[in-house]
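Text of entry00.cif (mmCIF, C-alpha atoms and all ligand atoms) as supplied:
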data_entry
loop_
_atom_site.label_atom_id
_atom_site.label_comp_id
_atom_site.auth_asym_id
_atom_site.auth_seq_id
_atom_site.Cartn_x
_atom_site.Cartn_y
_atom_site.Cartn_z
CA MET E 231 7.22 -6.64 -13.64
CA ASN E 232 5.69 -9.89 -12.31
CA GLY E 233 8.38 -12.56 -11.99
CA ARG E 234 10.93 -10.07 -13.25
CA MET E 235 14.11 -8.67 -11.84
CA MET E 236 14.46 -5.02 -10.89
CA LYS E 237 17.33 -2.60 -10.41
CA ALA E 238 17.92 -1.27 -6.91
CA TYR E 239 20.69 0.13 -4.72
CA HIS E 240 22.00 -1.51 -1.57
CA ILE E 241 23.87 0.00 1.35
CA THR E 242 26.54 -2.66 1.74
CA GLY E 243 28.72 -1.30 4.54
CA THR E 244 29.74 1.75 6.54
CA ASP E 245 32.66 3.06 4.45
CA GLY E 246 31.01 6.14 2.99
CA LEU E 247 29.41 6.46 -0.44
CA ALA E 248 31.54 3.52 -1.69
CA SER E 249 29.14 1.29 0.21
CA LEU E 250 26.29 2.26 -2.15
CA GLN E 251 26.12 -0.48 -4.78
CA GLN E 252 23.70 -1.05 -7.66
CA VAL E 253 22.18 -4.55 -7.57
CA GLU E 254 19.54 -6.66 -9.31
CA LEU E 255 16.79 -8.15 -7.13
CA PRO E 256 13.51 -9.97 -7.78
CA ALA E 257 10.69 -7.44 -8.15
CA PRO E 258 8.22 -7.93 -5.26
CA LEU E 259 4.66 -9.04 -6.01
CA PRO E 260 1.60 -7.45 -4.35
CA GLN E 261 0.10 -9.39 -1.47
CA HIS E 262 -3.48 -9.07 -0.19
CA GLY E 263 -4.28 -5.39 0.39
CA GLU E 264 -1.10 -4.19 -1.34
CA VAL E 265 -0.35 -2.12 -4.41
CA GLN E 266 2.61 -2.74 -6.72
CA ILE E 267 4.27 0.55 -7.69
CA ARG E 268 6.77 1.35 -10.43
CA ILE E 269 8.88 3.97 -8.69
CA ARG E 270 9.47 6.95 -11.04
CA ALA E 271 11.33 9.39 -8.79
CA VAL E 272 13.11 9.41 -5.44
CA SER E 273 14.26 12.45 -3.50
CA LEU E 274 17.25 12.63 -1.19
CA ASN E 275 17.22 13.75 2.41
CA TYR E 276 20.19 14.39 4.67
CA ARG E 277 19.01 11.35 6.64
CA ASP E 278 19.53 9.16 3.57
CA TYR E 279 23.09 10.46 3.25
CA MET E 280 23.73 9.68 6.93
CA ASN E 281 22.37 6.18 6.48
CA VAL E 282 24.30 5.48 3.27
CA CYS E 283 27.56 6.74 4.78
CA GLY E 284 27.08 5.01 8.11
CA ILE E 285 27.26 8.38 9.91
CA ARG E 286 24.47 7.33 12.20
CA GLY E 287 24.24 3.83 10.81
CA VAL E 288 21.17 2.18 9.38
CA THR E 289 18.85 0.96 12.06
CA GLY E 290 18.38 -2.46 10.51
CA PRO E 291 20.59 -5.14 8.98
CA ILE E 292 22.82 -4.53 5.94
CA PRO E 293 22.29 -4.82 2.99
CA ARG E 294 19.55 -2.22 3.10
CA ILE E 295 17.82 -0.36 0.22
CA PRO E 296 18.14 3.38 1.06
CA CYS E 297 15.83 6.39 0.65
CA SER E 298 12.44 7.13 2.15
CA ASP E 299 10.88 9.43 -0.41
CA GLY E 300 9.35 8.18 -3.62
CA ALA E 301 6.52 8.57 -6.09
CA GLY E 302 5.42 6.37 -8.95
CA GLU E 303 2.73 4.65 -10.92
CA VAL E 304 0.50 1.76 -9.88
CA ILE E 305 1.24 -1.27 -12.08
CA ALA E 306 -0.82 -3.95 -10.29
CA VAL E 307 -2.98 -4.43 -7.21
CA GLY E 308 -3.32 -7.37 -4.83
CA GLU E 309 -6.53 -9.07 -3.77
CA GLY E 310 -8.91 -6.89 -1.79
CA VAL E 311 -7.72 -3.59 -3.30
CA SER E 312 -10.49 -1.58 -4.94
CA ASP E 313 -9.40 2.05 -4.51
CA TRP E 314 -6.30 1.95 -6.77
CA LYS E 315 -5.84 0.80 -10.37
CA PRO E 316 -2.94 0.50 -12.81
CA GLY E 317 -1.87 3.91 -14.08
CA ASP E 318 -2.76 5.81 -10.90
CA ARG E 319 -0.01 8.21 -9.80
CA VAL E 320 0.85 7.80 -6.13
CA VAL E 321 3.18 9.28 -3.53
CA ILE E 322 4.39 7.22 -0.58
CA PRO E 323 4.45 8.45 3.04
CA PHE E 324 7.74 8.26 5.00
CA MET E 325 6.15 5.94 7.62
CA PRO E 326 3.51 3.96 5.67
CA THR E 327 1.77 2.67 8.82
CA TRP E 328 1.39 6.09 10.51
CA LEU E 329 -2.02 6.88 9.07
CA ASP E 330 -3.36 9.31 11.68
CA GLY E 331 -3.18 10.18 15.37
CA GLY E 332 -0.07 10.45 17.51
CA PHE E 333 3.46 9.29 16.76
CA THR E 334 4.33 5.81 18.05
CA GLN E 335 7.42 3.65 18.32
CA ALA E 336 5.71 1.06 16.12
CA ASN E 337 5.31 3.60 13.29
CA ALA E 338 8.90 4.80 13.61
CA ALA E 339 10.08 1.19 13.35
CA LEU E 340 8.71 1.06 9.79
CA ALA E 341 10.28 4.29 8.44
CA LEU E 342 11.37 3.57 4.87
CA GLY E 343 15.07 3.45 4.07
CA GLY E 344 16.09 3.16 7.72
CA ALA E 345 14.56 0.47 9.83
CA VAL E 346 13.16 -1.24 6.71
CA ASP E 347 14.12 -1.22 3.02
CA GLY E 348 13.50 2.03 1.19
CA LEU E 349 12.62 3.18 -2.32
CA LEU E 350 15.82 3.50 -4.37
CA ARG E 351 14.51 0.62 -6.48
CA GLU E 352 12.33 0.17 -9.55
CA VAL E 353 9.42 -1.63 -7.87
CA GLU E 354 7.91 -1.72 -4.39
CA CYS E 355 4.68 -3.11 -2.91
CA LEU E 356 2.96 -1.20 -0.10
CA PRO E 357 -0.38 -1.27 1.71
CA ALA E 358 -3.10 0.38 -0.38
CA SER E 359 -4.22 2.29 2.72
CA SER E 360 -0.89 4.12 3.00
CA LEU E 361 -0.75 5.72 -0.46
CA LEU E 362 -1.80 9.20 -1.57
CA ARG E 363 -2.80 10.47 -5.00
CA ILE E 364 -0.38 12.93 -6.63
CA PRO E 365 -2.01 16.32 -7.33
CA GLU E 366 -2.45 16.84 -11.07
CA HIS E 367 -0.21 19.88 -11.24
CA LEU E 368 2.80 18.01 -9.78
CA SER E 369 5.29 15.81 -11.65
CA PHE E 370 6.60 12.53 -10.21
CA GLU E 371 9.80 14.39 -9.24
CA GLU E 372 7.90 17.15 -7.46
CA ALA E 373 5.72 14.62 -5.62
CA ALA E 374 8.76 12.58 -4.60
CA SER E 375 10.24 15.68 -2.97
CA LEU E 376 7.43 15.82 -0.39
CA PRO E 377 7.22 12.81 1.99
CA CYS E 378 9.99 13.66 4.47
CA ALA E 379 11.02 17.32 4.17
CA ALA E 380 7.66 18.87 3.30
CA VAL E 381 5.59 16.84 5.77
CA THR E 382 8.12 17.67 8.49
CA ALA E 383 7.86 21.38 7.74
CA TRP E 384 4.05 21.10 7.69
CA ASP E 385 3.92 19.25 11.02
CA ALA E 386 6.38 21.71 12.59
CA LEU E 387 4.52 24.83 11.48
CA PHE E 388 0.86 23.91 11.58
CA VAL E 389 0.40 20.83 13.79
CA ARG E 390 3.01 21.31 16.52
CA GLY E 391 3.55 25.03 15.97
CA ASN E 392 -0.07 26.12 15.38
CA LEU E 393 1.22 28.93 13.15
CA GLN E 394 -1.07 31.94 12.83
CA ALA E 395 -1.14 34.57 10.09
CA GLY E 396 1.06 37.51 10.98
CA GLU E 397 3.48 35.51 13.14
CA SER E 398 7.20 35.35 12.39
CA VAL E 399 9.10 32.20 11.40
CA LEU E 400 12.89 31.80 11.36
CA VAL E 401 14.20 29.24 8.86
CA LEU E 402 17.80 28.01 8.86
CA GLY E 403 19.48 27.44 5.48
CA SER E 404 18.04 26.61 2.08
CA GLY E 405 17.79 22.82 2.12
CA GLY E 406 14.68 20.71 1.69
CA VAL E 407 12.95 21.25 5.03
CA SER E 408 13.72 24.97 5.14
CA THR E 409 12.56 25.81 1.61
CA PHE E 410 9.26 24.00 2.24
CA ALA E 411 8.88 25.79 5.58
CA LEU E 412 9.45 29.12 3.82
CA GLN E 413 6.82 28.34 1.17
CA PHE E 414 4.22 27.11 3.69
CA ALA E 415 4.83 29.98 6.10
CA LYS E 416 4.30 32.53 3.32
CA MET E 417 1.14 30.69 2.18
CA ALA E 418 -0.14 31.11 5.74
CA GLY E 419 0.57 34.83 5.87
CA ALA E 420 3.61 34.68 8.16
CA ARG E 421 6.71 36.86 8.11
CA VAL E 422 9.81 34.78 7.26
CA LEU E 423 13.34 35.46 8.45
CA ALA E 424 15.90 33.26 6.69
CA ILE E 425 19.58 32.68 7.35
CA THR E 426 21.91 31.09 4.80
CA SER E 427 25.57 30.48 3.94
CA SER E 428 25.84 32.70 0.86
CA ASP E 429 24.60 35.98 -0.59
CA ASP E 430 23.48 34.20 -3.78
CA LYS E 431 21.27 31.84 -1.78
CA ALA E 432 19.97 34.81 0.22
CA THR E 433 18.85 36.45 -3.02
CA ARG E 434 17.04 33.27 -4.06
CA LEU E 435 15.37 32.99 -0.64
CA ARG E 436 14.08 36.56 -0.97
CA GLU E 437 12.84 35.75 -4.50
CA MET E 438 10.89 32.88 -2.92
CA GLY E 439 9.27 35.26 -0.47
CA ALA E 440 11.59 35.49 2.53
CA ASP E 441 11.02 38.93 4.04
CA VAL E 442 14.55 39.37 5.34
CA THR E 443 17.73 37.29 5.01
CA HIS E 444 21.08 37.05 6.77
CA ASN E 445 24.42 35.47 5.80
CA TYR E 446 25.54 33.38 8.81
CA ARG E 447 29.01 32.81 7.33
CA THR E 448 29.95 36.49 7.15
CA ASP E 449 28.12 37.27 10.42
CA PRO E 450 27.58 34.25 12.70
CA ALA E 451 25.56 36.29 15.26
CA TRP E 452 22.25 35.53 13.54
CA ASP E 453 20.45 35.35 16.90
CA GLU E 454 21.25 39.05 17.47
CA TRP E 455 20.10 39.77 13.91
CA ALA E 456 16.78 37.96 14.49
CA LEU E 457 16.20 39.88 17.71
CA ALA E 458 16.92 43.18 15.95
CA GLN E 459 14.49 42.22 13.17
CA THR E 460 11.70 41.64 15.71
CA GLY E 461 12.10 44.76 17.82
CA GLY E 462 14.14 42.88 20.43
CA LEU E 463 11.30 40.44 21.17
CA GLY E 464 12.36 37.37 19.18
CA VAL E 465 10.59 35.27 16.58
CA ASP E 466 7.41 33.28 17.17
CA LYS E 467 8.62 30.03 15.56
CA VAL E 468 11.95 28.46 14.62
CA ILE E 469 12.47 25.64 12.13
CA GLU E 470 15.59 24.23 13.85
CA ILE E 471 17.46 21.99 11.40
CA GLY E 472 20.97 22.46 12.80
CA GLY E 473 20.96 20.78 16.20
CA PRO E 474 23.52 21.29 18.97
CA GLU E 475 25.60 24.04 17.31
CA THR E 476 22.59 26.16 16.32
CA LEU E 477 20.06 25.47 19.07
CA ASN E 478 21.49 27.95 21.60
CA ARG E 479 21.23 30.76 19.05
CA SER E 480 17.71 29.59 18.16
CA ILE E 481 16.74 29.80 21.85
CA LYS E 482 18.15 33.36 22.01
CA ALA E 483 16.30 34.29 18.80
CA THR E 484 12.91 33.03 20.07
CA ARG E 485 10.38 35.21 21.89
CA PHE E 486 8.99 34.44 25.35
CA GLY E 487 6.39 31.71 24.85
CA GLY E 488 7.63 30.95 21.33
CA HIS E 489 7.98 27.57 19.66
CA ILE E 490 11.07 25.75 18.39
CA ALA E 491 10.54 22.72 16.18
CA LEU E 492 13.65 20.62 16.78
CA ILE E 493 14.08 18.82 13.49
CA GLY E 494 17.67 18.48 12.37
CA VAL E 495 21.02 17.02 13.24
CA LEU E 496 23.23 18.80 10.69
CA THR E 497 25.71 19.77 13.43
CA GLY E 498 25.48 16.53 15.40
CA THR E 499 23.20 14.61 17.72
CA ALA E 500 24.27 15.84 21.17
CA GLY E 501 25.71 19.01 22.65
CA ASP E 502 25.92 21.70 25.29
CA ILE E 503 22.47 23.30 25.43
CA GLN E 504 21.52 26.38 27.49
CA THR E 505 18.50 24.73 29.05
CA VAL E 506 17.81 27.71 31.30
CA GLY E 507 16.96 29.86 28.27
CA ILE E 508 14.18 27.45 27.35
CA LEU E 509 12.85 27.54 30.90
CA ARG E 510 13.19 31.28 31.47
CA LYS E 511 11.39 32.18 28.26
CA GLY E 512 8.78 29.45 28.52
CA ILE E 513 9.73 28.20 25.08
CA ARG E 514 8.03 25.10 23.74
CA LEU E 515 10.86 22.91 22.39
CA ASP E 516 9.21 20.25 20.29
CA GLY E 517 10.91 17.22 18.73
CA VAL E 518 9.37 16.63 15.32
CA TYR E 519 9.77 13.43 13.33
CA VAL E 520 8.08 13.85 9.94
CA GLY E 521 4.29 13.32 10.25
CA SER E 522 1.30 11.12 9.53
CA ARG E 523 -0.48 10.25 6.29
CA ALA E 524 -3.37 12.47 7.46
CA MET E 525 -1.01 15.46 7.75
CA PHE E 526 0.40 14.61 4.32
CA ALA E 527 -3.13 14.53 2.85
CA GLN E 528 -3.98 17.93 4.36
CA MET E 529 -0.69 19.34 3.06
CA LEU E 530 -1.44 18.06 -0.46
CA GLN E 531 -4.79 19.86 -0.37
CA ALA E 532 -3.07 23.10 0.59
CA ILE E 533 -0.42 22.62 -2.12
CA THR E 534 -3.17 22.02 -4.68
CA GLN E 535 -5.20 25.06 -3.58
CA ALA E 536 -2.11 27.26 -3.79
CA GLY E 537 -0.83 25.70 -7.03
CA MET E 538 2.48 25.44 -5.19
CA HIS E 539 5.51 23.75 -6.76
CA PRO E 540 8.38 22.39 -4.66
CA VAL E 541 11.84 23.84 -5.24
CA ILE E 542 13.85 21.25 -7.18
CA ASP E 543 17.60 21.85 -7.18
CA SER E 544 18.61 19.11 -9.60
CA THR E 545 17.58 15.74 -11.03
CA PHE E 546 20.00 12.85 -11.51
CA GLU E 547 19.50 9.59 -13.45
CA PHE E 548 19.27 6.29 -11.55
CA ASP E 549 22.82 5.27 -12.54
CA GLN E 550 24.13 8.57 -11.07
CA ALA E 551 22.89 7.96 -7.52
CA VAL E 552 26.37 8.30 -6.01
CA ALA E 553 26.83 11.68 -7.74
CA ALA E 554 23.45 12.78 -6.38
CA PHE E 555 24.55 11.98 -2.83
CA GLU E 556 27.89 13.75 -3.42
CA HIS E 557 25.94 16.83 -4.49
CA LEU E 558 23.87 16.68 -1.27
CA ALA E 559 27.06 16.39 0.78
CA SER E 560 28.56 19.44 -0.97
CA GLY E 561 25.87 21.70 0.52
CA LYS E 562 25.71 23.59 -2.80
CA HIS E 563 22.10 22.65 -3.39
CA PHE E 564 19.06 24.90 -2.97
CA GLY E 565 15.89 22.87 -2.35
CA LYS E 566 15.52 19.21 -3.25
CA ILE E 567 17.78 16.76 -5.09
CA LEU E 568 15.96 14.09 -7.16
CA ILE E 569 16.80 10.78 -8.76
CA ARG E 570 14.70 9.81 -11.79
CA LEU E 571 13.96 6.14 -12.48
N1 LIG V 601 13.06 15.26 12.24
C1 LIG V 601 12.61 15.07 11.02
O1 LIG V 601 11.49 14.60 10.82
C2 LIG V 601 13.45 15.46 9.88
C3 LIG V 601 12.90 15.47 8.59
C4 LIG V 601 13.69 15.94 7.55
C5 LIG V 601 15.00 16.35 7.83
N2 LIG V 601 15.49 16.26 9.07
C6 LIG V 601 16.84 16.74 9.38
O2 LIG V 601 16.85 18.14 9.16
C7 LIG V 601 18.13 18.53 8.67
C8 LIG V 601 17.94 19.21 7.32
O3 LIG V 601 17.48 18.24 6.42
P1 LIG V 601 17.33 18.57 4.88
O4 LIG V 601 16.95 17.30 4.21
O5 LIG V 601 16.50 19.78 4.71
O6 LIG V 601 18.85 18.90 4.52
P2 LIG V 601 19.46 19.52 3.24
O7 LIG V 601 18.46 19.61 2.15
O8 LIG V 601 20.72 18.79 2.99
O9 LIG V 601 19.77 21.02 3.71
C9 LIG V 601 20.92 21.35 4.39
C10 LIG V 601 21.11 22.87 4.37
O10 LIG V 601 21.07 23.36 5.70
C11 LIG V 601 21.86 24.53 5.76
N3 LIG V 601 22.78 24.42 6.88
C12 LIG V 601 23.78 23.54 7.06
N4 LIG V 601 24.44 23.78 8.20
C13 LIG V 601 23.85 24.87 8.76
C14 LIG V 601 24.09 25.63 9.93
N5 LIG V 601 25.08 25.32 10.77
N6 LIG V 601 23.29 26.69 10.19
C15 LIG V 601 22.29 27.01 9.35
N7 LIG V 601 22.01 26.33 8.19
C16 LIG V 601 22.80 25.28 7.92
C17 LIG V 601 22.59 24.66 4.44
O11 LIG V 601 21.89 25.63 3.66
P3 LIG V 601 22.57 27.06 3.33
O12 LIG V 601 23.75 26.76 2.47
O13 LIG V 601 21.50 27.84 2.68
O14 LIG V 601 22.97 27.63 4.66
C18 LIG V 601 22.44 23.28 3.83
O15 LIG V 601 22.47 23.29 2.42
C19 LIG V 601 18.96 17.26 8.63
O16 LIG V 601 19.67 17.13 9.83
C20 LIG V 601 17.94 16.15 8.52
O17 LIG V 601 18.43 14.93 9.01
C21 LIG V 601 14.75 15.83 10.10
#
Can you present the structure in this file as structure tokens?
Amino acid sequence: MNGRMMKAYHITGTDGLASLQQVELPAPLPQHGEVQIRIRAVSLNYRDYMNVCGIRGVTGPIPRIPCSDGAGEVIAVGEGVSDWKPGDRVVIPFMPTWLDGGFTQANAALALGGAVDGLLREVECLPASSLLRIPEHLSFEEAASLPCAAVTAWDALFVRGNLQAGESVLVLGSGGVSTFALQFAKMAGARVLAITSSDDKATRLREMGADVTHNYRTDPAWDEWALAQTGGLGVDKVIEIGGPETLNRSIKATRFGGHIALIGVLTGTAGDIQTVGILRKGIRLDGVYVGSRAMFAQMLQAITQAGMHPVIDSTFEFDQAVAAFEHLASGKHFGKILIRL
């Protein structure tokens, strides 16, 4: 790819998916300490859809290459790189500079596909220190499904939530974060309560290991349901991907001293929250923003030990990126949507 052009997508405006345009750009060359990667698969997150459509707006200048999550093959290394070689299969963390330790503003400022260009492109160069090896049992598509949704679920359950075997976890819906949370919680010996929009998806969630499921469309009082399922006490942990329109029910569904990982903005970014419920029950309400490379590495070890495979809903070709985003927006998916390069 040296001196060559590559295909990529640019966000070119804020007028919905029409602003997503395929372009040709010079392929970047690896600098000192960097690895040049041929991207083989990219997964979509709701955040990418928001950025592409200008719902929240990209946090940097336009044009911007979207998408945070990718996996690929090393094609060249820069000077000073000894731990990677051409042919190695690598997966790329959401924030390549957040290697370990606590979350910082500086790391957030380099989140791929938001503040800086992302991975919906054929070639990218990244610091050798940021990359992780793909477990042998995972394909490029499966590996590309992990950096945002899976690491977020891992951080929420095990780092922030300190999940213990035998505890109960409530997951909302059947998207990327929630299906990973379900898989990890079951691996850890937890009881999983899952709510979803359809009976078909409920069946699939139970097939994945959910202990009990509830259709929130036919019965919106899922907080009452969760309380009834836990003897009136409430669940130990909630994977809260909804935001303002679901948080009050999540607070009601949580036990005294329980933990809510506040992850998602599917129903907006601000709202009327019953703060007294958090106080009265001594709930730990914890904002989670993905996680570090160290968390990702630990998660990969657990995935390898368990022989776990991510739930892939569908895979689109590179030229069908707009259709892939339309599918995400439809809400018909179950698990992760991939684009193959
Ligand atoms: N903070 C972070 O680090 C972080 C990381 C990843 C994602 N996120 C955020 O988390 C949210 C989920 O992301 P994702 O990538 O997993 O999305 P996704 O794959 O698009 O999943 C969305 C699913 O959530 C369910 N859902 C939608 N509205 C709901 C509601 N009102 N109540 C319950 N479930 C509902 C639906 O599943 P059913 O049809 O089964 O109900 C829907 O298909 C997004 O807001 C995203 O921006 C945050």
Point-to-point distance in Å for atom CA of Glu352 of chain E and atom CA of Leu255 of chain E =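 That distance, rounded to one decimal, is 9.7 Å.
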request  = Give me the residues within 9 Å of segment 321-328 of chain E as a PyMOL selection string, counting all atoms listed in the file and dropping any in the same chain fewer than 5 places off.
outcome  = chain E and resi 298-303+333-334+336-343+356-357+359-364+370+373-374+376-378+381+520-524+526
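One distance worth recording is that between atom CA of Gly310 of chain E and atom CA of His262 of chain E, which is 6.1 Å.
Considering the residues E:Asp313, E:Met417, E:Leu247, E:Leu259 and counting all atoms listed in the file, Gly537 of chain E has its shortest atom-to-atom contact with E:Met417.
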With 7 Å as the cut-off and only C-alpha atoms and all ligand atoms counted, what is the closest atom pair between each nearby residue of chain E and ligand LIG 601 (chain V)? Distances in Å to one decimal, ordered by chain and number, as JSON lines.
{"residue": "E:Asn275", "atom": "CA", "partner": "V:LIG601", "partner_atom": "O4", "distance": 4.0}
{"residue": "E:Tyr276", "atom": "CA", "partner": "V:LIG601", "partner_atom": "O4", "distance": 4.4}
{"residue": "E:Arg277", "atom": "CA", "partner": "V:LIG601", "partner_atom": "O17", "distance": 4.3}
{"residue": "E:Cys378", "atom": "CA", "partner": "V:LIG601", "partner_atom": "C4", "distance": 5.3}
{"residue": "E:Ala379", "atom": "CA", "partner": "V:LIG601", "partner_atom": "C4", "distance": 4.5}
{"residue": "E:Thr382", "atom": "CA", "partner": "V:LIG601", "partner_atom": "O1", "distance": 5.1}
{"residue": "E:Leu402", "atom": "CA", "partner": "V:LIG601", "partner_atom": "N7", "distance": 4.6}
{"residue": "E:Gly403", "atom": "CA", "partner": "V:LIG601", "partner_atom": "O13", "distance": 3.5}
{"residue": "E:Ser404", "atom": "CA", "partner": "V:LIG601", "partner_atom": "O13", "distance": 3.7}
{"residue": "E:Gly405", "atom": "CA", "partner": "V:LIG601", "partner_atom": "O9", "distance": 3.1}
{"residue": "E:Gly406", "atom": "CA", "partner": "V:LIG601", "partner_atom": "O5", "distance": 3.6}
{"residue": "E:Val407", "atom": "CA", "partner": "V:LIG601", "partner_atom": "O5", "distance": 3.9}
{"residue": "E:Ser408", "atom": "CA", "partner": "V:LIG601", "partner_atom": "O5", "distance": 5.9}
{"residue": "E:Ile425", "atom": "CA", "partner": "V:LIG601", "partner_atom": "C15", "distance": 6.6}
{"residue": "E:Thr426", "atom": "CA", "partner": "V:LIG601", "partner_atom": "O14", "distance": 3.6}
{"residue": "E:Ser427", "atom": "CA", "partner": "V:LIG601", "partner_atom": "O14", "distance": 3.9}
{"residue": "E:Ser428", "atom": "CA", "partner": "V:LIG601", "partner_atom": "O12", "distance": 6.5}
{"residue": "E:Lys431", "atom": "CA", "partner": "V:LIG601", "partner_atom": "O13", "distance": 6.0}
{"residue": "E:Ile471", "atom": "CA", "partner": "V:LIG601", "partner_atom": "C7", "distance": 4.5}
{"residue": "E:Gly472", "atom": "CA", "partner": "V:LIG601", "partner_atom": "C14", "distance": 5.3}
{"residue": "E:Glu475", "atom": "CA", "partner": "V:LIG601", "partner_atom": "N5", "distance": 6.7}
{"residue": "E:Thr476", "atom": "CA", "partner": "V:LIG601", "partner_atom": "N5", "distance": 6.1}
{"residue": "E:Ile493", "atom": "CA", "partner": "V:LIG601", "partner_atom": "N1", "distance": 3.9}
{"residue": "E:Gly494", "atom": "CA", "partner": "V:LIG601", "partner_atom": "O2", "distance": 3.3}
{"residue": "E:Val495", "atom": "CA", "partner": "V:LIG601", "partner_atom": "O16", "distance": 3.7}
{"residue": "E:Leu496", "atom": "CA", "partner": "V:LIG601", "partner_atom": "O16", "distance": 4.0}
{"residue": "E:Thr497", "atom": "CA", "partner": "V:LIG601", "partner_atom": "N5", "distance": 6.2}
{"residue": "E:Val518", "atom": "CA", "partner": "V:LIG601", "partner_atom": "N1", "distance": 5.0}
{"residue": "E:Tyr519", "atom": "CA", "partner": "V:LIG601", "partner_atom": "O1", "distance": 3.3}
{"residue": "E:Val520", "atom": "CA", "partner": "V:LIG601", "partner_atom": "O1", "distance": 3.6}
{"residue": "E:Leu558", "atom": "CA", "partner": "V:LIG601", "partner_atom": "O8", "distance": 5.7}
{"residue": "E:Gly561", "atom": "CA", "partner": "V:LIG601", "partner_atom": "O15", "distance": 4.2}
{"residue": "E:Lys562", "atom": "CA", "partner": "V:LIG601", "partner_atom": "O15", "distance": 6.2}
{"residue": "E:His563", "atom": "CA", "partner": "V:LIG601", "partner_atom": "O15", "distance": 5.9}
{"residue": "E:Phe564", "atom": "CA", "partner": "V:LIG601", "partner_atom": "O15", "distance": 6.6}
{"residue": "E:Gly565", "atom": "CA", "partner": "V:LIG601", "partner_atom": "O7", "distance": 6.1}
{"residue": "E:Lys566", "atom": "CA", "partner": "V:LIG601", "partner_atom": "O7", "distance": 6.2}
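Among the candidates E:Ser369, E:Thr460, E:Asp330, E:Glu354, the residue lying nearest to Leu568 of chain E is E:Ser369 (atoms considered: all atoms listed in the file).
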task = Identify, on the basis of only C-alpha atoms, every residue whose closest approach to Trp314 of chain E does not exceed 8 Å; exclude the query and any residue fewer than 5 positions from it along the same chain; express the result as a PyMOL selection string.
result = chain E and resi 265+304+307+358
Considering all atoms listed in the file, return as a tab-separated table (two decimals) with C-alpha atoms, in the coordinates of the input whatever protein or nucleic-acid residues lie within 9 Å of segment 436-442 of chain E, sequence-local ones (same chain, fewer than 6 positions apart) excluded.
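Listed below is the output, around-v6.tsv:
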chain	number	residue	atom	x	y	z
E	409	THR	CA	12.56	25.81	1.61
E	412	LEU	CA	9.45	29.12	3.82
E	413	GLN	CA	6.82	28.34	1.17
E	416	LYS	CA	4.30	32.53	3.32
E	421	ARG	CA	6.71	36.86	8.11
E	422	VAL	CA	9.81	34.78	7.26
E	423	LEU	CA	13.34	35.46	8.45
E	424	ALA	CA	15.90	33.26	6.69
E	425	ILE	CA	19.58	32.68	7.35
E	459	GLN	CA	14.49	42.22	13.17
